[in-house]
$ cat upload.pdb   # PDB, C-alpha atoms, pLDDT in the B column
ATOM      1  CA  MET A 391     115.305 188.733 133.983  1.00 40.00           C
ATOM      2  CA  SER A 392     114.395 185.223 135.116  1.00 43.00           C
ATOM      3  CA  GLY A 393     116.565 182.998 137.269  1.00 47.00           C
ATOM      4  CA  VAL A 394     117.511 180.757 134.329  1.00 55.00           C
ATOM      5  CA  ASP A 395     118.810 183.585 132.161  1.00 84.00           C
ATOM      6  CA  ILE A 396     121.920 184.319 134.232  1.00 80.00           C
ATOM      7  CA  SER A 397     123.541 182.131 136.884  1.00 86.00           C
ATOM      8  CA  LEU A 398     126.595 181.989 139.137  1.00 87.00           C
ATOM      9  CA  VAL A 399     128.796 178.930 138.701  1.00 90.00           C
ATOM     10  CA  LEU A 400     131.677 177.884 140.987  1.00 93.00           C
ATOM     11  CA  GLU A 401     134.344 175.779 139.264  1.00 92.00           C
ATOM     12  CA  ASN A 402     137.845 175.088 140.603  1.00 91.00           C
ATOM     13  CA  GLY A 403     137.389 177.823 143.155  1.00 93.00           C
ATOM     14  CA  VAL A 404     136.507 180.486 140.554  1.00 94.00           C
ATOM     15  CA  LEU A 405     133.040 182.021 140.708  1.00 95.00           C
ATOM     16  CA  SER A 406     131.746 183.057 137.294  1.00 91.00           C
ATOM     17  CA  LEU A 407     128.681 184.703 135.834  1.00 88.00           C
ATOM     18  CA  VAL A 408     127.112 182.669 133.032  1.00 87.00           C
ATOM     19  CA  ASP A 409     124.667 184.163 130.530  1.00 82.00           C
ATOM     20  CA  HIS A 410     122.457 181.371 129.157  1.00 78.00           C
ATOM     21  CA  ARG A 411     120.555 183.524 126.680  1.00 77.00           C
ATOM     22  CA  GLN A 412     123.047 183.040 123.868  1.00 73.00           C
ATOM     23  CA  HIS A 413     124.879 179.801 123.140  1.00 73.00           C
ATOM     24  CA  GLY A 414     128.636 179.745 123.382  1.00 71.00           C
ATOM     25  CA  LEU A 415     129.229 182.803 125.566  1.00 77.00           C
ATOM     26  CA  LYS A 416     132.201 182.446 127.881  1.00 86.00           C
ATOM     27  CA  PRO A 417     131.625 182.754 131.639  1.00 87.00           C
ATOM     28  CA  LEU A 418     132.720 186.061 133.153  1.00 87.00           C
ATOM     29  CA  SER A 419     134.725 186.250 136.364  1.00 90.00           C
ATOM     30  CA  ILE A 420     136.736 188.859 138.256  1.00 91.00           C
ATOM     31  CA  GLY A 421     140.447 188.689 139.020  1.00 90.00           C
ATOM     32  CA  PHE A 422     142.810 190.953 140.886  1.00 88.00           C
ATOM     33  CA  ASP A 423     145.911 189.927 138.956  1.00 84.00           C
ATOM     34  CA  LEU A 424     148.372 192.773 138.590  1.00 78.00           C
ATOM     35  CA  PRO A 425     147.729 194.860 135.456  1.00 74.00           C
ATOM     36  CA  GLY A 426     150.493 195.457 132.970  1.00 66.00           C
ATOM     37  CA  THR A 427     150.851 199.085 134.014  1.00 64.00           C
ATOM     38  CA  ALA A 428     149.770 200.633 137.301  1.00 74.00           C
ATOM     39  CA  SER A 429     151.676 203.781 138.110  1.00 83.00           C
ATOM     40  CA  LYS A 430     150.617 206.670 140.314  1.00 88.00           C
ATOM     41  CA  LYS A 431     151.998 208.874 137.540  1.00 90.00           C
ATOM     42  CA  GLN A 432     149.172 207.781 135.225  1.00 93.00           C
ATOM     43  CA  PRO A 433     145.989 209.931 135.103  1.00 95.00           C
ATOM     44  CA  LEU A 434     144.061 207.729 137.539  1.00 95.00           C
ATOM     45  CA  GLY A 435     146.907 207.711 140.043  1.00 95.00           C
ATOM     46  CA  ARG A 436     147.342 211.483 139.778  1.00 97.00           C
ATOM     47  CA  ALA A 437     143.630 211.984 140.393  1.00 97.00           C
ATOM     48  CA  ILE A 438     143.622 209.743 143.475  1.00 97.00           C
ATOM     49  CA  GLY A 439     146.561 211.677 144.875  1.00 95.00           C
ATOM     50  CA  ARG A 440     150.151 211.041 145.933  1.00 90.00           C
ATOM     51  CA  ARG A 441     149.439 211.414 149.631  1.00 93.00           C
ATOM     52  CA  THR A 442     146.380 209.210 149.544  1.00 97.00           C
ATOM     53  CA  ARG A 443     146.730 205.968 151.466  1.00 96.00           C
ATOM     54  CA  THR A 444     143.162 204.632 151.662  1.00 97.00           C
ATOM     55  CA  VAL A 445     140.606 204.467 148.848  1.00 98.00           C
ATOM     56  CA  VAL A 446     137.007 203.275 148.748  1.00 98.00           C
ATOM     57  CA  ASP A 447     135.661 202.410 145.315  1.00 97.00           C
ATOM     58  CA  ALA A 448     131.975 203.017 145.990  1.00 96.00           C
ATOM     59  CA  THR A 449     130.735 201.766 142.604  1.00 93.00           C
ATOM     60  CA  ALA A 450     133.000 198.765 142.101  1.00 92.00           C
ATOM     61  CA  GLY A 451     131.231 196.903 139.277  1.00 90.00           C
ATOM     62  CA  TRP A 452     133.692 194.484 137.682  1.00 89.00           C
ATOM     63  CA  GLY A 453     136.520 195.776 139.858  1.00 92.00           C
ATOM     64  CA  GLU A 454     138.730 197.003 137.022  1.00 90.00           C
ATOM     65  CA  ASP A 455     139.682 200.292 138.670  1.00 93.00           C
ATOM     66  CA  ALA A 456     139.934 198.626 142.088  1.00 93.00           C
ATOM     67  CA  ARG A 457     142.482 196.213 140.614  1.00 91.00           C
ATOM     68  CA  ARG A 458     144.581 199.170 139.530  1.00 92.00           C
ATOM     69  CA  PHE A 459     144.257 200.806 142.956  1.00 93.00           C
ATOM     70  CA  CYS A 460     145.508 197.622 144.621  1.00 91.00           C
ATOM     71  CA  ALA A 461     148.437 197.408 142.203  1.00 89.00           C
ATOM     72  CA  MET A 462     149.358 201.021 143.011  1.00 91.00           C
ATOM     73  CA  GLY A 463     149.670 200.087 146.676  1.00 90.00           C
ATOM     74  CA  TYR A 464     146.575 201.772 148.117  1.00 94.00           C
ATOM     75  CA  ALA A 465     144.580 200.146 150.898  1.00 95.00           C
ATOM     76  CA  VAL A 466     141.308 199.548 149.047  1.00 96.00           C
ATOM     77  CA  THR A 467     137.709 198.900 150.018  1.00 97.00           C
ATOM     78  CA  VAL A 468     135.169 198.129 147.295  1.00 97.00           C
ATOM     79  CA  VAL A 469     131.427 198.602 147.686  1.00 97.00           C
ATOM     80  CA  GLU A 470     128.852 197.006 145.397  1.00 94.00           C
ATOM     81  CA  ARG A 471     125.092 196.995 145.906  1.00 92.00           C
ATOM     82  CA  SER A 472     124.376 194.088 143.544  1.00 90.00           C
ATOM     83  CA  PRO A 473     124.561 190.817 145.529  1.00 93.00           C
ATOM     84  CA  VAL A 474     125.710 189.000 142.385  1.00 91.00           C
ATOM     85  CA  MET A 475     128.569 191.406 141.669  1.00 91.00           C
ATOM     86  CA  ALA A 476     129.512 191.517 145.355  1.00 95.00           C
ATOM     87  CA  ALA A 477     129.793 187.718 145.358  1.00 96.00           C
ATOM     88  CA  LEU A 478     132.084 187.825 142.310  1.00 95.00           C
ATOM     89  CA  LEU A 479     134.239 190.501 143.942  1.00 96.00           C
ATOM     90  CA  ARG A 480     134.520 188.550 147.208  1.00 96.00           C
ATOM     91  CA  ASN A 481     135.571 185.434 145.332  1.00 96.00           C
ATOM     92  CA  ALA A 482     138.223 187.394 143.446  1.00 94.00           C
ATOM     93  CA  ALA A 483     139.534 188.970 146.664  1.00 95.00           C
ATOM     94  CA  ASP A 484     139.689 185.564 148.376  1.00 94.00           C
ATOM     95  CA  ARG A 485     141.615 184.066 145.457  1.00 92.00           C
ATOM     96  CA  ALA A 486     144.068 186.970 145.498  1.00 90.00           C
ATOM     97  CA  VAL A 487     145.183 186.328 149.092  1.00 89.00           C
ATOM     98  CA  GLY A 488     148.785 185.139 148.946  1.00 78.00           C
ATOM     99  CA  SER A 489     148.929 185.164 145.155  1.00 78.00           C
ATOM    100  CA  PRO A 490     152.169 186.601 143.712  1.00 74.00           C
ATOM    101  CA  ARG A 491     150.196 187.645 140.637  1.00 73.00           C
ATOM    102  CA  ALA A 492     147.858 189.937 142.603  1.00 68.00           C
ATOM    103  CA  GLY A 493     148.247 193.123 144.568  1.00 69.00           C
ATOM    104  CA  PHE A 494     147.051 193.346 148.148  1.00 78.00           C
ATOM    105  CA  PRO A 495     143.368 192.326 147.823  1.00 86.00           C
ATOM    106  CA  PRO A 496     140.611 194.786 148.669  1.00 93.00           C
ATOM    107  CA  GLY A 497     138.003 194.488 151.362  1.00 95.00           C
ATOM    108  CA  VAL A 498     134.574 193.868 149.839  1.00 97.00           C
ATOM    109  CA  VAL A 499     131.315 195.333 151.147  1.00 97.00           C
ATOM    110  CA  GLY A 500     128.016 194.218 149.618  1.00 96.00           C
ATOM    111  CA  ARG A 501     125.813 197.199 150.427  1.00 95.00           C
ATOM    112  CA  ASP A 502     124.304 200.330 148.939  1.00 94.00           C
ATOM    113  CA  ALA A 503     127.168 202.829 148.959  1.00 95.00           C
ATOM    114  CA  ILE A 504     124.907 205.753 149.845  1.00 96.00           C
ATOM    115  CA  ASP A 505     124.139 204.300 153.260  1.00 96.00           C
ATOM    116  CA  TYR A 506     127.539 202.718 153.833  1.00 97.00           C
ATOM    117  CA  LEU A 507     129.485 205.915 153.127  1.00 97.00           C
ATOM    118  CA  ALA A 508     127.110 208.023 155.208  1.00 97.00           C
ATOM    119  CA  GLU A 509     127.698 205.691 158.169  1.00 97.00           C
ATOM    120  CA  ASN A 510     131.492 206.083 157.923  1.00 97.00           C
ATOM    121  CA  PRO A 511     132.371 209.809 157.935  1.00 97.00           C
ATOM    122  CA  GLY A 512     136.019 210.582 157.283  1.00 96.00           C
ATOM    123  CA  ALA A 513     136.924 206.895 156.968  1.00 97.00           C
ATOM    124  CA  TRP A 514     138.989 207.098 153.752  1.00 98.00           C
ATOM    125  CA  ASP A 515     141.410 209.566 152.231  1.00 98.00           C
ATOM    126  CA  CYS A 516     139.685 209.264 148.855  1.00 98.00           C
ATOM    127  CA  VAL A 517     136.251 208.142 147.686  1.00 98.00           C
ATOM    128  CA  TYR A 518     136.105 207.050 144.052  1.00 98.00           C
ATOM    129  CA  LEU A 519     132.874 207.135 142.035  1.00 96.00           C
ATOM    130  CA  ASP A 520     132.157 205.753 138.568  1.00 91.00           C
ATOM    131  CA  PRO A 521     128.386 206.251 138.250  1.00 85.00           C
ATOM    132  CA  MET A 522     126.272 204.185 135.879  1.00 70.00           C
ATOM    133  CA  PHE A 523     124.419 206.527 133.553  1.00 55.00           C
ATOM    134  CA  PRO A 524     121.575 205.760 131.142  1.00 49.00           C
ATOM    135  CA  PRO A 525     122.911 204.836 127.670  1.00 49.00           C
ATOM    136  CA  LYS A 526     122.635 207.345 124.854  1.00 46.00           C
ATOM    137  CA  ARG A 527     119.504 206.804 122.786  1.00 43.00           C
ATOM    138  CA  ARG A 528     121.337 207.226 119.491  1.00 43.00           C
ATOM    139  CA  SER A 529     124.542 205.445 120.376  1.00 44.00           C
ATOM    140  CA  SER A 530     126.173 203.984 117.290  1.00 41.00           C
ATOM    141  CA  THR A 531     127.941 201.213 119.214  1.00 42.00           C
ATOM    142  CA  LEU A 532     126.739 198.746 121.813  1.00 40.00           C
ATOM    143  CA  PRO A 533     128.504 198.561 125.187  1.00 48.00           C
ATOM    144  CA  ARG A 534     130.699 195.529 125.619  1.00 75.00           C
ATOM    145  CA  ARG A 535     129.114 192.484 127.209  1.00 71.00           C
ATOM    146  CA  PRO A 536     130.379 192.886 130.811  1.00 71.00           C
ATOM    147  CA  LEU A 537     129.002 196.431 130.918  1.00 74.00           C
ATOM    148  CA  ARG A 538     125.644 195.345 129.486  1.00 74.00           C
ATOM    149  CA  LEU A 539     125.327 192.619 132.114  1.00 73.00           C
ATOM    150  CA  LEU A 540     126.363 195.010 134.854  1.00 71.00           C
ATOM    151  CA  ARG A 541     123.661 197.441 133.771  1.00 71.00           C
ATOM    152  CA  GLU A 542     121.084 194.644 133.897  1.00 74.00           C
ATOM    153  CA  LEU A 543     122.123 193.667 137.404  1.00 73.00           C
ATOM    154  CA  VAL A 544     122.663 197.119 138.880  1.00 72.00           C
ATOM    155  CA  GLY A 545     120.539 199.447 136.749  1.00 65.00           C
ATOM    156  CA  ASP A 546     121.210 203.150 136.305  1.00 64.00           C
ATOM    157  CA  ASP A 547     122.120 205.518 139.124  1.00 63.00           C
ATOM    158  CA  PRO A 548     119.229 207.982 139.487  1.00 62.00           C
ATOM    159  CA  ASP A 549     120.401 208.815 143.018  1.00 74.00           C
ATOM    160  CA  THR A 550     123.884 210.096 142.139  1.00 80.00           C
ATOM    161  CA  GLY A 551     123.277 213.339 144.021  1.00 86.00           C
ATOM    162  CA  ARG A 552     122.799 211.461 147.280  1.00 93.00           C
ATOM    163  CA  LEU A 553     125.797 209.284 146.472  1.00 94.00           C
ATOM    164  CA  TYR A 554     127.976 212.362 146.045  1.00 94.00           C
ATOM    165  CA  ASP A 555     126.780 213.833 149.354  1.00 96.00           C
ATOM    166  CA  SER A 556     127.621 210.582 151.144  1.00 97.00           C
ATOM    167  CA  ALA A 557     130.988 210.431 149.388  1.00 97.00           C
ATOM    168  CA  MET A 558     131.925 213.944 150.505  1.00 97.00           C
ATOM    169  CA  ARG A 559     131.033 212.967 154.048  1.00 97.00           C
ATOM    170  CA  ALA A 560     133.147 209.800 153.941  1.00 98.00           C
ATOM    171  CA  ALA A 561     136.228 211.372 152.323  1.00 98.00           C
ATOM    172  CA  LEU A 562     138.996 212.942 154.361  1.00 97.00           C
ATOM    173  CA  LYS A 563     140.768 214.554 151.413  1.00 97.00           C
ATOM    174  CA  ARG A 564     138.998 214.139 148.074  1.00 98.00           C
ATOM    175  CA  VAL A 565     136.246 212.635 145.978  1.00 98.00           C
ATOM    176  CA  VAL A 566     137.193 211.509 142.460  1.00 98.00           C
ATOM    177  CA  VAL A 567     134.484 211.059 139.828  1.00 97.00           C
ATOM    178  CA  LYS A 568     135.157 209.230 136.563  1.00 94.00           C
ATOM    179  CA  ARG A 569     133.290 210.381 133.450  1.00 92.00           C
ATOM    180  CA  PRO A 570     133.570 210.107 129.653  1.00 88.00           C
ATOM    181  CA  ASP A 571     135.823 212.728 128.118  1.00 84.00           C
ATOM    182  CA  HIS A 572     132.925 214.043 126.027  1.00 83.00           C
ATOM    183  CA  GLY A 573     130.658 214.598 129.033  1.00 81.00           C
ATOM    184  CA  ALA A 574     130.310 217.519 131.413  1.00 86.00           C
ATOM    185  CA  PRO A 575     131.271 217.317 135.102  1.00 91.00           C
ATOM    186  CA  VAL A 576     128.550 215.452 136.971  1.00 87.00           C
ATOM    187  CA  PHE A 577     128.556 217.389 140.218  1.00 91.00           C
ATOM    188  CA  GLY A 578     129.398 220.911 139.166  1.00 91.00           C
ATOM    189  CA  PRO A 579     132.829 222.493 138.657  1.00 95.00           C
ATOM    190  CA  PRO A 580     135.550 220.289 140.178  1.00 97.00           C
ATOM    191  CA  SER A 581     138.639 221.488 142.014  1.00 97.00           C
ATOM    192  CA  GLU A 582     140.665 220.021 139.148  1.00 97.00           C
ATOM    193  CA  THR A 583     140.296 217.584 136.256  1.00 97.00           C
ATOM    194  CA  VAL A 584     142.824 214.967 135.215  1.00 97.00           C
ATOM    195  CA  LYS A 585     142.374 213.875 131.605  1.00 95.00           C
ATOM    196  CA  GLY A 586     143.064 210.387 130.291  1.00 91.00           C
ATOM    197  CA  LYS A 587     142.761 209.026 126.754  1.00 87.00           C
ATOM    198  CA  LEU A 588     139.027 208.326 126.841  1.00 87.00           C
ATOM    199  CA  VAL A 589     137.911 209.435 130.297  1.00 92.00           C
ATOM    200  CA  CYS A 590     138.309 212.316 132.696  1.00 94.00           C
ATOM    201  CA  TYR A 591     138.694 212.237 136.460  1.00 96.00           C
ATOM    202  CA  ASP A 592     137.067 215.168 138.232  1.00 97.00           C
ATOM    203  CA  VAL A 593     138.618 215.821 141.634  1.00 98.00           C
ATOM    204  CA  TYR A 594     136.573 217.455 144.401  1.00 98.00           C
ATOM    205  CA  LEU A 595     138.893 218.451 147.243  1.00 97.00           C
ATOM    206  CA  LYS A 596     137.715 218.698 150.838  1.00 92.00           C
ATOM    207  CA  MET A 597     138.310 222.188 152.133  1.00 75.00           C
TER     208      MET A 597
END
$ encode --input "upload.pdb" --output "structure tokens"
Amino acid sequence: MSGVDISLVLENGVLSLVDHRQHGLKPLSIGFDLPGTASKKQPLGRAIGRRTRTVVDATAGWGEDARRFCAMGYAVTVVERSPVMAALLRNAADRAVGSPRAGFPPGVVGRDAIDYLAENPGAWDCVYLDPMFPPKRRSSTLPRRPLRLLRELVGDDPDTGRLYDSAMRAALKRVVVKRPDHGAPVFGPPSETVKGKLVCYDVYLKM
């Protein structure tokens, strides 16, 4: 991927990712505006836990789940190893400060989560993981554009085992792993599984 294929553009305070490889594509940016629904009674909220106060989203990507965590009232830290995605997340968090349309903005860390989590044992009640897996070879549908760009920037996660070990070290209470509803648990049998419409949240409790 050459430097002219994808660029970051700052306009009116909003940092956006622009894909120049196809004419007419809209720039992509991140926002932490409050979602239409964000209840702890929903599957994601139940998986994170009622007594949870602090959450680290260790694979933040486009920040969609982090936005929901903020709206639910958790104190959130997001970690993203891609410098480009981290820049977009920081810009979104900065814009959210003082905005009535946003929840309390997250702290943003632009580092590899494996190292960052390992350096902070017991720092958060919950560590949330949404690993990037290789696409199915015979998939009948293409991933939507933000996910395709994210995969180009971040790549797959061949080191998920190490990520899980670091997550268990950093979590005080639980590690929550998001996966497709048709897939098997990534890290062995979970303590419990909370099912949503299209995804499952496997919960690994600290004993």
$ resolve_selection --input "upload.pdb" --expression "the PyMOL selection byres ((chain A and resi 561) around 12)" --output "PyMOL selection string"
chain A and resi 438+442-448+507-519+554-560+562-566+593-597
$ resolve_selection --input "upload.pdb" --expression "the PyMOL selection byres ((chain A and resi 396) around 6)" --output "list in words"
Val394, Asp395, Ser397, Val408, Asp409 and His410 of chain A
$ closest_atom_pairs --input "upload.pdb" --of "stretch 534-566 of chain A" --to "stretch 473-481 of chain A" --cutoff "12 Å" --atoms "all atoms listed in the file" --output "tab-separated table"
residue	atom	partner	partner_atom	distance
A:Pro536	CA	A:Met475	CA	11.1
A:Leu537	CA	A:Met475	CA	11.9
A:Leu539	CA	A:Met475	CA	10.2
A:Leu540	CA	A:Met475	CA	8.0
A:Arg541	CA	A:Met475	CA	11.1
A:Glu542	CA	A:Val474	CA	11.2
A:Leu543	CA	A:Val474	CA	7.7
A:Val544	CA	A:Met475	CA	8.7
$ write_last_selection --input "upload.pdb" --atoms "C-alpha atoms" --output "short mmCIF file (atom, residue, chain, number, x, y, z; two decimals), in the coordinates of the input"
data_model
loop_
_atom_site.label_atom_id
_atom_site.label_comp_id
_atom_site.auth_asym_id
_atom_site.auth_seq_id
_atom_site.Cartn_x
_atom_site.Cartn_y
_atom_site.Cartn_z
CA PRO A 536 130.38 192.89 130.81
CA LEU A 537 129.00 196.43 130.92
CA LEU A 539 125.33 192.62 132.11
CA LEU A 540 126.36 195.01 134.85
CA ARG A 541 123.66 197.44 133.77
CA GLU A 542 121.08 194.64 133.90
CA LEU A 543 122.12 193.67 137.40
CA VAL A 544 122.66 197.12 138.88
#
$ closest_residue --input "upload.pdb" --among "A:Val589, A:Ala483, A:Val468, A:Leu418" --to "A:Thr449" --atoms "all atoms listed in the file"
A:Val468
$ closest_residue --input "upload.pdb" --among "A:Ala482, A:Leu434, A:Val584, A:Ala428" --to "A:Leu405" --atoms "only C-alpha atoms"
A:Ala482
$ atom_distance --input "upload.pdb" --atom1 "atom CA of A:Pro490" --atom2 "atom CA of A:Ala461"
11.5 Å
$ atom_distance --input "upload.pdb" --atom1 "atom CA of A:Ala456" --atom2 "atom CA of A:Gly414"
28.9 Å
$ closest_residue --input "upload.pdb" --among "A:Ser419, A:Ser489, A:Thr550, A:Thr583" --to "A:Leu400" --atoms "all atoms listed in the file"
A:Ser419
$ atom_distance --input "upload.pdb" --atom1 "atom CA of A:Ser406" --atom2 "atom CA of A:Ser472"
14.7 Å
$ resolve_selection --input "upload.pdb" --expression "the PyMOL selection byres ((chain A and resi 590) around 7)" --output "PyMOL selection string"
chain A and resi 568-571+583-586+589+591-592
$ decode --input "upload.pdb" --residues "stretch 444-482 of chain A" --atoms "C-alpha atoms" --output "compact mmCIF listing (two decimals), in the first residue's frame"
# COMPACT_ATOMS: atom_id res chain seq x y z
CA THR A 444 -13.33 0.36 34.11
CA VAL A 445 -12.94 -1.19 30.66
CA VAL A 446 -10.01 -1.35 28.26
CA ASP A 447 -10.88 -2.06 24.64
CA ALA A 448 -7.59 -3.61 23.57
CA THR A 449 -8.48 -3.93 19.87
CA ALA A 450 -10.31 -0.65 19.31
CA GLY A 451 -10.39 -0.43 15.50
CA TRP A 452 -13.07 2.07 14.48
CA GLY A 453 -14.16 2.51 18.09
CA GLU A 454 -17.73 1.29 17.62
CA ASP A 455 -17.83 -0.84 20.77
CA ALA A 456 -15.85 1.77 22.71
CA ARG A 457 -18.53 4.32 21.83
CA ARG A 458 -21.13 2.05 23.37
CA PHE A 459 -19.00 1.51 26.48
CA CYS A 460 -18.71 5.28 26.96
CA ALA A 461 -22.46 5.71 26.52
CA MET A 462 -23.07 3.03 29.17
CA GLY A 463 -21.06 5.07 31.65
CA TYR A 464 -17.89 2.98 31.92
CA ALA A 465 -14.49 4.61 32.28
CA VAL A 466 -12.91 3.50 29.00
CA THR A 467 -9.39 3.18 27.64
CA VAL A 468 -8.90 2.21 24.00
CA VAL A 469 -5.72 0.66 22.62
CA GLU A 470 -4.87 0.54 18.93
CA ARG A 471 -1.56 -0.54 17.42
CA SER A 472 -2.11 1.11 14.03
CA PRO A 473 -0.76 4.69 14.17
CA VAL A 474 -3.37 5.75 11.60
CA MET A 475 -6.31 4.33 13.55
CA ALA A 476 -4.89 5.66 16.82
CA ALA A 477 -4.75 9.14 15.30
CA LEU A 478 -8.40 8.89 14.22
CA LEU A 479 -9.41 7.70 17.69
CA ARG A 480 -7.52 10.53 19.41
CA ASN A 481 -9.17 13.09 17.17
CA ALA A 482 -12.60 11.65 17.95
